[in-house]
Structures are given as C-alpha cells and as structure tokens.
file start-v3.pdb (PDB, C-alpha atoms, pLDDT in the B column)
ATOM      1  CA  MET I  26      -3.711  14.730  -3.419  1.00 56.00           C
ATOM      2  CA  GLY I  27      -3.869  11.329  -1.709  1.00 56.00           C
ATOM      3  CA  VAL I  28      -2.297   9.481  -4.648  1.00 56.00           C
ATOM      4  CA  ALA I  29       0.475  12.081  -4.917  1.00 59.00           C
ATOM      5  CA  LEU I  30       1.176  11.711  -1.207  1.00 57.00           C
ATOM      6  CA  VAL I  31       1.299   7.918  -1.533  1.00 55.00           C
ATOM      7  CA  PHE I  32       3.777   8.209  -4.429  1.00 53.00           C
ATOM      8  CA  PHE I  33       5.931  10.632  -2.416  1.00 56.00           C
ATOM      9  CA  VAL I  34       5.961   8.382   0.657  1.00 53.00           C
ATOM     10  CA  SER I  35       6.645   5.325  -1.505  1.00 57.00           C
ATOM     11  CA  ALA I  36       9.568   7.078  -3.209  1.00 54.00           C
ATOM     12  CA  PHE I  37      10.916   8.228   0.151  1.00 51.00           C
ATOM     13  CA  GLY I  38      10.653   4.680   1.509  1.00 52.00           C
ATOM     14  CA  SER I  39      12.514   3.351  -1.539  1.00 58.00           C
ATOM     15  CA  PHE I  40      15.188   6.019  -1.094  1.00 54.00           C
ATOM     16  CA  LEU I  41      15.559   5.185   2.593  1.00 52.00           C
ATOM     17  CA  ALA I  42      15.806   1.437   1.910  1.00 53.00           C
ATOM     18  CA  GLU I  43      18.416   2.087  -0.785  1.00 58.00           C
ATOM     19  CA  ALA I  44      20.392   4.400   1.513  1.00 54.00           C
ATOM     20  CA  LEU I  45      20.397   1.668   4.157  1.00 53.00           C
ATOM     21  CA  GLU I  46      21.397  -0.853   1.461  1.00 56.00           C
ATOM     22  CA  ILE I  47      18.286  -2.950   2.001  1.00 53.00           C
ATOM     23  CA  SER I  48      16.929  -4.881  -0.966  1.00 57.00           C
ATOM     24  CA  VAL I  49      13.182  -4.411  -1.256  1.00 51.00           C
ATOM     25  CA  PRO I  50      11.483  -7.244  -3.138  1.00 52.00           C
ATOM     26  CA  SER I  51       8.277  -6.014  -4.684  1.00 54.00           C
ATOM     27  CA  SER I  52       5.213  -6.974  -6.611  1.00 54.00           C
ATOM     28  CA  VAL I  53       7.052  -5.662  -9.669  1.00 53.00           C
ATOM     29  CA  ASP I  54       9.665  -8.405  -9.174  1.00 55.00           C
ATOM     30  CA  ALA I  55       6.871 -10.983  -9.257  1.00 53.00           C
ATOM     31  CA  MET I  56       5.400  -9.437 -12.399  1.00 53.00           C
ATOM     32  CA  GLU I  57       8.762  -9.569 -14.138  1.00 55.00           C
ATOM     33  CA  LYS I  58       8.827 -13.304 -13.440  1.00 54.00           C
ATOM     34  CA  GLY I  59       5.641 -14.154 -15.271  1.00 52.00           C
ATOM     35  CA  PHE I  60       2.706 -11.817 -14.891  1.00 56.00           C
ATOM     36  CA  ALA I  61       3.835  -9.501 -17.682  1.00 56.00           C
ATOM     37  CA  ASN I  62       1.796 -11.584 -20.129  1.00 64.00           C
ATOM     38  CA  TYR I  63      -1.359 -11.149 -18.075  1.00 71.00           C
ATOM     39  CA  PHE I  64      -1.818  -7.374 -18.037  1.00 73.00           C
ATOM     40  CA  TRP I  65      -5.614  -7.297 -17.562  1.00 78.00           C
ATOM     41  CA  PHE I  66      -5.628 -10.020 -14.939  1.00 82.00           C
ATOM     42  CA  THR I  67      -2.808  -8.316 -13.037  1.00 79.00           C
ATOM     43  CA  LEU I  68      -4.568  -4.960 -13.332  1.00 82.00           C
ATOM     44  CA  PHE I  69      -7.814  -6.501 -12.040  1.00 87.00           C
ATOM     45  CA  LEU I  70      -6.053  -8.020  -9.028  1.00 88.00           C
ATOM     46  CA  ALA I  71      -4.058  -4.871  -8.277  1.00 89.00           C
ATOM     47  CA  VAL I  72      -6.817  -2.310  -8.844  1.00 93.00           C
ATOM     48  CA  ILE I  73      -9.942  -4.129  -7.650  1.00 94.00           C
ATOM     49  CA  VAL I  74      -9.173  -7.145  -5.474  1.00 93.00           C
ATOM     50  CA  ALA I  75      -6.108  -5.938  -3.543  1.00 93.00           C
ATOM     51  CA  PRO I  76      -7.447  -2.499  -2.534  1.00 96.00           C
ATOM     52  CA  LEU I  77     -10.799  -3.913  -1.403  1.00 96.00           C
ATOM     53  CA  CYS I  78      -9.247  -6.754   0.602  1.00 95.00           C
ATOM     54  CA  GLU I  79      -6.214  -4.926   1.952  1.00 96.00           C
ATOM     55  CA  GLU I  80      -8.097  -1.809   3.020  1.00 97.00           C
ATOM     56  CA  PHE I  81     -10.650  -4.018   4.752  1.00 97.00           C
ATOM     57  CA  MET I  82      -8.008  -6.095   6.524  1.00 96.00           C
ATOM     58  CA  TYR I  83      -5.376  -3.443   7.313  1.00 96.00           C
ATOM     59  CA  ARG I  84      -7.474  -0.303   7.819  1.00 97.00           C
ATOM     60  CA  LEU I  85     -11.214  -0.874   8.301  1.00 97.00           C
ATOM     61  CA  LEU I  86     -11.074  -3.825  10.727  1.00 97.00           C
ATOM     62  CA  PRO I  87      -8.287  -2.670  13.061  1.00 97.00           C
ATOM     63  CA  ILE I  88      -9.378   0.962  13.154  1.00 98.00           C
ATOM     64  CA  ARG I  89     -13.057   0.128  13.627  1.00 97.00           C
ATOM     65  CA  VAL I  90     -12.259  -2.303  16.444  1.00 97.00           C
ATOM     66  CA  VAL I  91     -10.022   0.138  18.316  1.00 97.00           C
ATOM     67  CA  LYS I  92     -12.533   2.979  17.853  1.00 97.00           C
ATOM     68  CA  LYS I  93     -15.121   0.846  19.687  1.00 97.00           C
ATOM     69  CA  TYR I  94     -12.975   1.112  22.799  1.00 97.00           C
ATOM     70  CA  THR I  95     -11.334   4.513  22.554  1.00 97.00           C
ATOM     71  CA  SER I  96     -11.354   7.800  20.704  1.00 96.00           C
ATOM     72  CA  ASP I  97      -7.755   8.545  21.738  1.00 97.00           C
ATOM     73  CA  MET I  98      -5.991   9.417  18.482  1.00 97.00           C
ATOM     74  CA  ARG I  99      -2.618   8.305  19.895  1.00 98.00           C
ATOM     75  CA  ILE I 100      -3.933   4.764  20.278  1.00 98.00           C
ATOM     76  CA  ILE I 101      -5.661   4.864  16.898  1.00 98.00           C
ATOM     77  CA  TRP I 102      -2.392   5.969  15.253  1.00 98.00           C
ATOM     78  CA  LEU I 103      -0.513   3.245  17.105  1.00 98.00           C
ATOM     79  CA  VAL I 104      -2.922   0.706  15.591  1.00 98.00           C
ATOM     80  CA  ILE I 105      -2.439   2.309  12.149  1.00 98.00           C
ATOM     81  CA  MET I 106       1.347   2.042  12.548  1.00 97.00           C
ATOM     82  CA  LEU I 107       1.096  -1.611  13.599  1.00 97.00           C
ATOM     83  CA  SER I 108      -1.282  -2.515  10.774  1.00 97.00           C
ATOM     84  CA  SER I 109       0.935  -0.622   8.288  1.00 96.00           C
ATOM     85  CA  THR I 110       3.918  -2.649   9.468  1.00 94.00           C
ATOM     86  CA  LEU I 111       1.944  -5.850   8.871  1.00 94.00           C
ATOM     87  CA  PHE I 112       0.835  -4.454   5.493  1.00 94.00           C
ATOM     88  CA  GLY I 113       4.495  -3.961   4.561  1.00 92.00           C
ATOM     89  CA  LEU I 114       5.461  -7.427   5.757  1.00 91.00           C
ATOM     90  CA  ALA I 115       2.608  -8.967   3.779  1.00 90.00           C
ATOM     91  CA  HIS I 116       4.184  -7.553   0.615  1.00 86.00           C
ATOM     92  CA  GLY I 117       7.261  -9.722   0.842  1.00 83.00           C
ATOM     93  CA  SER I 118       9.777  -9.087   3.571  1.00 80.00           C
ATOM     94  CA  LEU I 119      10.912  -6.954   6.471  1.00 82.00           C
ATOM     95  CA  ALA I 120      12.383  -4.506   3.961  1.00 81.00           C
ATOM     96  CA  ASN I 121       8.937  -3.860   2.444  1.00 83.00           C
ATOM     97  CA  ILE I 122       8.019  -1.944   5.584  1.00 86.00           C
ATOM     98  CA  PHE I 123       9.964   0.978   4.094  1.00 86.00           C
ATOM     99  CA  VAL I 124       7.787   1.229   0.987  1.00 87.00           C
ATOM    100  CA  GLN I 125       4.462  -0.552   1.393  1.00 91.00           C
ATOM    101  CA  GLY I 126       4.439  -0.031   5.154  1.00 91.00           C
ATOM    102  CA  ALA I 127       4.989   3.691   4.679  1.00 91.00           C
ATOM    103  CA  THR I 128       2.234   3.880   2.073  1.00 94.00           C
ATOM    104  CA  GLY I 129       0.030   2.007   4.537  1.00 95.00           C
ATOM    105  CA  LEU I 130       0.409   4.963   6.904  1.00 96.00           C
ATOM    106  CA  VAL I 131      -0.897   7.270   4.178  1.00 96.00           C
ATOM    107  CA  PHE I 132      -3.788   4.919   3.436  1.00 97.00           C
ATOM    108  CA  GLY I 133      -4.532   4.942   7.190  1.00 97.00           C
ATOM    109  CA  TRP I 134      -4.588   8.741   7.222  1.00 97.00           C
ATOM    110  CA  ILE I 135      -6.864   8.761   4.171  1.00 97.00           C
ATOM    111  CA  TYR I 136      -9.121   6.216   5.904  1.00 98.00           C
ATOM    112  CA  LEU I 137      -9.396   8.505   8.930  1.00 97.00           C
ATOM    113  CA  LYS I 138     -10.170  11.549   6.784  1.00 97.00           C
ATOM    114  CA  GLY I 139     -12.456  10.033   4.156  1.00 97.00           C
ATOM    115  CA  GLY I 140     -13.403   6.508   5.194  1.00 97.00           C
ATOM    116  CA  TYR I 141     -13.028   3.067   3.698  1.00 98.00           C
ATOM    117  CA  TRP I 142     -14.021   3.950   0.127  1.00 98.00           C
ATOM    118  CA  ALA I 143     -11.624   6.906  -0.018  1.00 97.00           C
ATOM    119  CA  ALA I 144      -8.782   4.607   1.063  1.00 97.00           C
ATOM    120  CA  VAL I 145      -9.853   1.937  -1.452  1.00 98.00           C
ATOM    121  CA  LEU I 146     -10.031   4.476  -4.282  1.00 97.00           C
ATOM    122  CA  THR I 147      -6.617   5.963  -3.456  1.00 96.00           C
ATOM    123  CA  HIS I 148      -5.092   2.497  -3.138  1.00 96.00           C
ATOM    124  CA  ALA I 149      -6.664   1.444  -6.466  1.00 96.00           C
ATOM    125  CA  LEU I 150      -5.399   4.562  -8.266  1.00 95.00           C
ATOM    126  CA  TYR I 151      -1.914   4.100  -6.832  1.00 93.00           C
ATOM    127  CA  ASN I 152      -1.773   0.412  -7.810  1.00 92.00           C
ATOM    128  CA  GLY I 153      -3.200   1.155 -11.255  1.00 91.00           C
ATOM    129  CA  LEU I 154      -0.581   3.805 -11.918  1.00 89.00           C
ATOM    130  CA  VAL I 155       2.250   1.573 -10.696  1.00 86.00           C
ATOM    131  CA  ILE I 156       1.077  -1.365 -12.828  1.00 84.00           C
ATOM    132  CA  SER I 157       0.580   0.856 -15.886  1.00 83.00           C
ATOM    133  CA  ILE I 158       4.018   2.437 -15.524  1.00 83.00           C
ATOM    134  CA  PHE I 159       5.553  -1.010 -15.136  1.00 80.00           C
ATOM    135  CA  PHE I 160       3.917  -2.336 -18.305  1.00 78.00           C
ATOM    136  CA  LEU I 161       4.756   0.807 -20.297  1.00 79.00           C
ATOM    137  CA  LYS I 162       8.365   0.366 -19.231  1.00 77.00           C
ATOM    138  CA  ILE I 163       8.384  -3.294 -20.352  1.00 71.00           C
ATOM    139  CA  TYR I 164       6.716  -2.742 -23.699  1.00 69.00           C
ATOM    140  CA  ASN I 165       8.416   0.506 -24.768  1.00 66.00           C
TER     141      ASN I 165
END
call {"tool": "encode", "arguments": {"input": "start-v3.pdb", "output": "structure tokens"}}
result
Amino acid sequence: MGVALVFFVSAFGSFLAEALEISVPSSVDAMEKGFANYFWFTLFLAVIVAPLCEEFMYRLLPIRVVKKYTSDMRIIWLVIMLSSTLFGLAHGSLANIFVQGATGLVFGWIYLKGGYWAAVLTHALYNGLVISIFFLKIYN
C-alpha cells in the first residue's frame, strides 16, 4: 500500500507542477545524460544507498530529535513537512518540492506508522520501480 500511495502522490505532484507550468528536473533527467549505461550501479545507488541515507537524514534524525522534546503530533508533522521540503529541494530545485517533497510526506507517514526500516523499504521499492520503468522505456 505504501508504494502505491507514493506513486499516487508523486503522480499528483507531477500533475500539479505541470498545471502550474513548472519544469521539474528529476533524477531521470540525470540518467538520460549518462547513467543509462550503468544500470546496476544506478539501481544500487537508488535502491540501497539513497533510501538508507535519505530516510536517515530526512526522517529518522528530525523526527527522533523532535520526539525527544514533544509528543505533539502537530509539531511532529510540521517537522515532517519541513524535512520533506528539504528532501524535495535536495532533488534538484524548488519545483521538485511538488514531486519528491510530496513523496517525502508519504515516507514520513510510513516512518511514523512502521519505523525507519518500513520507510527505507518503501523508498527502495519506489526507487527500484522508477529506475526499472525508466530503463525499460529506454531499451524497448
């Protein structure tokens, strides 16, 4: 369910960015410029390295720190929204907040419900599917 929700939110973010006529640079753009020849390396980075590092940096650390000081879910969600905004910005530009930032909210919700490893697994599955679809599109 988590991966489906991430895909839905990602698609909605893309739709919203397109409706607002905002160009969203993405990791796919970078892959088209040279990583297409390095499928396994790209898959390793996207499915193993990125989910572990990004979920640690954008979910585990900020949420764990704020939970030390409060159990108020409004404040925790504010931190999730802020870290999701930074997550979106880290993926390229202000426009990436619509796609990656929105998916960051879902990863934050999954973190709250299932913990760090649930968020990592969902993030890894999402990235793996996106990378696989991208490569199937290139080579078919």
call {"tool": "atom_distance", "arguments": {"input": "start-v3.pdb", "atom1": "atom CA of Ile105 of chain I", "atom2": "atom CA of Val72 of chain I"}}
result
21.9 Å
call {"tool": "atom_distance", "arguments": {"input": "start-v3.pdb", "atom1": "atom CA of Met82 of chain I", "atom2": "atom CA of Phe112 of chain I"}}
result
9.1 Å
call {"tool": "resolve_selection", "arguments": {"input": "start-v3.pdb", "expression": "the PyMOL selection byres ((chain I and resi 146-153) around 7)", "output": "MDAnalysis selection string"}}
result
chainID I and resid 27:28 68 71:73 76 142:145 154:157
call {"tool": "residues_around", "arguments": {"input": "start-v3.pdb", "residues": "Gln125 of chain I", "least_positions_apart": "5", "cutoff": "8 Å", "atoms": "all atoms listed in the file", "output": "list in words"}}
result
Ser35, Ser109, Phe112, Gly113 and His116 of chain I
call {"tool": "closest_residue", "arguments": {"input": "start-v3.pdb", "among": "I:Met106, I:Ile158, I:Leu77, I:Ala115", "to": "Val131 of chain I", "atoms": "only C-alpha atoms"}}
result
I:Met106
call {"tool": "atom_distance", "arguments": {"input": "start-v3.pdb", "atom1": "atom CA of Trp134 of chain I", "atom2": "atom CA of Val104 of chain I"}}
result
11.7 Å
call {"tool": "closest_residue", "arguments": {"input": "start-v3.pdb", "among": "I:Ile135, I:Lys92, I:Thr110, I:Phe160", "to": "Phe123 of chain I", "atoms": "only C-alpha atoms"}}
result
I:Thr110
